[in-house]
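Undergrad: Sharing model29.json, JSON, C-alpha atoms and all ligand atoms:
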```json
[["chain", "number", "residue", "atom", "x", "y", "z"],
["S", 1, "MET", "CA", 3.09, -6.31, 1.17],
["S", 2, "THR", "CA", 0.80, -9.24, 0.47],
["S", 3, "ILE", "CA", -2.89, -9.07, 1.36],
["S", 4, "ASP", "CA", -5.07, -12.19, 1.38],
["S", 5, "SER", "CA", -8.82, -11.80, 1.35],
["S", 6, "ILE", "CA", -10.01, -14.71, 3.46],
["S", 7, "GLY", "CA", -13.56, -15.90, 3.05],
["S", 8, "THR", "CA", -16.07, -15.45, 0.28],
["S", 9, "GLU", "CA", -16.85, -11.74, 0.56],
["S", 10, "PRO", "CA", -14.63, -9.16, -1.15],
["S", 11, "ALA", "CA", -12.40, -7.09, 1.13],
["S", 12, "ARG", "CA", -12.14, -3.34, 0.60],
["S", 13, "ILE", "CA", -9.16, -1.35, 1.77],
["S", 14, "VAL", "CA", -10.44, 2.17, 2.21],
["S", 15, "GLY", "CA", -7.41, 3.98, 3.59],
["S", 16, "VAL", "CA", -3.87, 3.73, 4.89],
["S", 17, "THR", "CA", -2.26, 5.89, 7.57],
["S", 18, "SER", "CA", 1.01, 5.95, 9.48],
["S", 19, "PRO", "CA", 2.37, 8.04, 12.33],
["S", 20, "ALA", "CA", 5.59, 8.33, 10.29],
["S", 21, "PHE", "CA", 4.03, 9.94, 7.17],
["S", 22, "SER", "CA", 1.72, 12.89, 6.60],
["S", 23, "ARG", "CA", -0.03, 11.21, 3.71],
["S", 24, "ILE", "CA", -0.32, 7.75, 2.17],
["S", 25, "GLU", "CA", -2.10, 7.07, -1.10],
["S", 26, "ILE", "CA", -2.93, 3.84, -2.88],
["S", 27, "HIS", "CA", -1.36, 4.00, -6.34],
["S", 28, "GLU", "CA", -1.38, 1.94, -9.47],
["S", 29, "SER", "CA", 1.50, 2.06, -11.95],
["S", 30, "ARG", "CA", 0.86, 1.24, -15.58],
["S", 31, "GLN", "CA", 2.27, 1.76, -19.02],
["S", 32, "GLU", "CA", 0.59, 4.54, -20.99],
["S", 33, "ASP", "CA", 1.91, 5.58, -24.41],
["S", 34, "GLY", "CA", 5.23, 3.92, -23.57],
["S", 35, "MET", "CA", 5.57, 5.80, -20.27],
["S", 36, "MET", "CA", 5.14, 4.42, -16.77],
["S", 37, "ARG", "CA", 2.48, 6.48, -15.02],
["S", 38, "MET", "CA", 0.94, 6.34, -11.54],
["S", 39, "ARG", "CA", -2.59, 7.12, -10.56],
["S", 40, "ALA", "CA", -4.23, 7.25, -7.15],
["S", 41, "LEU", "CA", -6.95, 4.71, -6.43],
["S", 42, "PRO", "CA", -9.73, 5.63, -3.97],
["S", 43, "GLU", "CA", -9.74, 2.09, -2.55],
["S", 44, "LEU", "CA", -8.60, -1.46, -3.18],
["S", 45, "ARG", "CA", -11.05, -4.25, -3.68],
["S", 46, "ILE", "CA", -9.86, -7.83, -3.24],
["S", 47, "ALA", "CA", -12.26, -10.63, -4.15],
["S", 48, "GLY", "CA", -12.86, -13.37, -1.58],
["S", 49, "GLY", "CA", -10.06, -15.92, -1.64],
["S", 50, "GLU", "CA", -7.83, -13.68, -3.77],
["S", 51, "ARG", "CA", -4.35, -12.39, -2.98],
["S", 52, "LEU", "CA", -3.07, -8.92, -3.82],
["S", 53, "VAL", "CA", 0.64, -8.21, -3.83],
["S", 54, "LEU", "CA", 1.59, -4.55, -3.37],
["S", 55, "GLN", "CA", 4.93, -3.75, -5.00],
["S", 56, "PRO", "CA", 6.83, -1.12, -6.96],
["S", 57, "GLY", "CA", 5.73, -0.95, -10.60],
["S", 58, "ALA", "CA", 2.25, -2.31, -9.85],
["S", 59, "VAL", "CA", -0.35, -1.48, -7.19],
["S", 60, "HIS", "CA", 1.59, 0.06, -4.32],
["S", 61, "LEU", "CA", 1.33, 2.36, -1.33],
["S", 62, "MET", "CA", 2.80, 5.83, -1.86],
["S", 63, "LEU", "CA", 4.19, 7.01, 1.46],
["S", 64, "MET", "CA", 4.54, 10.79, 1.27],
["S", 65, "ASP", "CA", 5.93, 13.54, 3.44],
["S", 66, "PRO", "CA", 7.85, 11.55, 6.05],
["S", 67, "LYS", "CA", 7.74, 13.27, 9.44],
["S", 68, "ALA", "CA", 11.38, 12.34, 10.14],
["S", 69, "SER", "CA", 14.23, 11.16, 7.94],
["S", 70, "LEU", "CA", 14.35, 7.39, 7.56],
["S", 71, "ARG", "CA", 17.38, 5.14, 7.12],
["S", 72, "LEU", "CA", 17.75, 1.69, 5.66],
["S", 73, "GLY", "CA", 16.65, -0.87, 8.21],
["S", 74, "ASP", "CA", 14.31, 1.50, 10.07],
["S", 75, "THR", "CA", 10.81, 0.22, 10.69],
["S", 76, "VAL", "CA", 7.54, 2.13, 10.39],
["S", 77, "THR", "CA", 4.02, 1.10, 11.30],
["S", 78, "VAL", "CA", 1.35, 1.44, 8.66],
["S", 79, "ARG", "CA", -2.34, 1.05, 9.49],
["S", 80, "VAL", "CA", -4.47, -0.49, 6.76],
["S", 81, "MET", "CA", -8.14, 0.39, 7.18],
["S", 82, "ILE", "CA", -10.74, -2.06, 6.01],
["S", 83, "ASP", "CA", -14.34, -1.33, 5.11],
["S", 84, "GLY", "CA", -16.48, -1.91, 8.20],
["S", 85, "GLY", "CA", -14.17, -0.21, 10.67],
["S", 86, "GLU", "CA", -11.49, -2.84, 11.20],
["S", 87, "SER", "CA", -7.83, -2.08, 10.68],
["S", 88, "ILE", "CA", -4.57, -3.99, 10.54],
["S", 89, "ASP", "CA", -1.22, -2.60, 11.68],
["S", 90, "VAL", "CA", 1.70, -3.68, 9.53],
["S", 91, "LEU", "CA", 5.37, -3.19, 10.41],
["S", 92, "LEU", "CA", 7.41, -2.22, 7.33],
["S", 93, "THR", "CA", 11.18, -2.12, 7.02],
["S", 94, "VAL", "CA", 12.91, 0.56, 4.94],
["S", 95, "ARG", "CA", 14.90, -1.10, 2.15],
["S", 96, "LEU", "CA", 16.15, -0.44, -1.35],
["S", 97, "ASP", "CA", 13.81, -1.05, -4.28],
["S", 98, "PRO", "CA", 15.04, -4.40, -5.65],
["S", 99, "ASN", "CA", 13.95, -3.31, -9.14],
["S", 100, "SER", "CA", 16.08, -0.19, -9.28],
["S", 201, "CU", "CU", 3.01, 5.85, -6.44]]
```
Would you encode the structure as structure tokens?
TA:
Amino acid sequence: MTIDSIGTEPARIVGVTSPAFSRIEIHESRQEDGMMRMRALPELRIAGGERLVLQPGAVHLMLMDPKASLRLGDTVTVRVMIDGGESIDVLLTVRLDPNS
């Protein structure tokens, strides 16, 4: 997922939900002592005019506890909540991790 912050003010993503998952966290992967570790971030901040790419091995969404089994090609809606009360619904397609 690619998120562009349009304008001059920073955009803050304060939460992500989906009817298809019980819980979604914002995670960051990074190397620590030679091991890849993930940590949860309370929010994402994107400076005005900047682009953030969410992807495996970097900042990503961790979709946990699916409410039904998903197959390749299925689509799920994810709601990205922005500071100030706005939200954006994004349609995601289930696919294999290209890095694995
Ligand atoms: Cu994760």
Undergrad: Please provide as a list in words all residues within 7 Å of Pro10 of chain S, with the sequence filter that same-chain residues fewer than 3 positions apart are discarded (counting all atoms listed in the file).
TA: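 Residues meeting the cut-off are Ser5, Arg45, Ile46, Ala47 and Gly48 of chain S.
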Undergrad: Write out as an mmCIF file with C-alpha atoms, in the coordinates of the input each polymer residue (protein, DNA or RNA) that has an atom no more than 12 Å from ligand CU 201 (chain S), with only C-alpha atoms and all ligand atoms counted.
TA:
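And here is the file that came out, result.cif:
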```
data_model
loop_
_atom_site.group_PDB
_atom_site.id
_atom_site.type_symbol
_atom_site.label_atom_id
_atom_site.label_comp_id
_atom_site.auth_asym_id
_atom_site.auth_seq_id
_atom_site.Cartn_x
_atom_site.Cartn_y
_atom_site.Cartn_z
ATOM 1 C CA ARG S 23 -0.030 11.210 3.710
ATOM 2 C CA ILE S 24 -0.320 7.750 2.170
ATOM 3 C CA GLU S 25 -2.100 7.070 -1.100
ATOM 4 C CA ILE S 26 -2.930 3.840 -2.880
ATOM 5 C CA HIS S 27 -1.360 4.000 -6.340
ATOM 6 C CA GLU S 28 -1.380 1.940 -9.470
ATOM 7 C CA SER S 29 1.500 2.060 -11.950
ATOM 8 C CA ARG S 30 0.860 1.240 -15.580
ATOM 9 C CA MET S 36 5.140 4.420 -16.770
ATOM 10 C CA ARG S 37 2.480 6.480 -15.020
ATOM 11 C CA MET S 38 0.940 6.340 -11.540
ATOM 12 C CA ARG S 39 -2.590 7.120 -10.560
ATOM 13 C CA ALA S 40 -4.230 7.250 -7.150
ATOM 14 C CA LEU S 41 -6.950 4.710 -6.430
ATOM 15 C CA LEU S 54 1.590 -4.550 -3.370
ATOM 16 C CA GLN S 55 4.930 -3.750 -5.000
ATOM 17 C CA PRO S 56 6.830 -1.120 -6.960
ATOM 18 C CA GLY S 57 5.730 -0.950 -10.600
ATOM 19 C CA ALA S 58 2.250 -2.310 -9.850
ATOM 20 C CA VAL S 59 -0.350 -1.480 -7.190
ATOM 21 C CA HIS S 60 1.590 0.060 -4.320
ATOM 22 C CA LEU S 61 1.330 2.360 -1.330
ATOM 23 C CA MET S 62 2.800 5.830 -1.860
ATOM 24 C CA LEU S 63 4.190 7.010 1.460
ATOM 25 C CA MET S 64 4.540 10.790 1.270
#
```
Undergrad: For Thr93 of chain S, which residue among S:Phe21, S:Ile13, S:Met81, S:Gly73 is the nearest when counting only C-alpha atoms?
TA: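 Counting only C-alpha atoms, the residue closest to Thr93 of chain S is S:Gly73.
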Undergrad: Interatomic distance between atom CA of Val76 of chain S and atom CA of Leu92 of chain S?
TA: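 Going from atom CA of Val76 of chain S over to atom CA of Leu92 of chain S covers 5.3 Å.
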Undergrad: Closest to Arg95 of chain S among S:Thr75, S:Gln31, S:Thr8, S:Ser18, using only C-alpha atoms?
TA: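 Answer, going by the shortest atom-to-atom distance: S:Thr75.
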Undergrad: For a test of reading the model, state the distance in Å between atom CA of Pro98 of chain S and atom CA of Met1 of chain S, rounded to one decimal.
TA: 13.9 Å
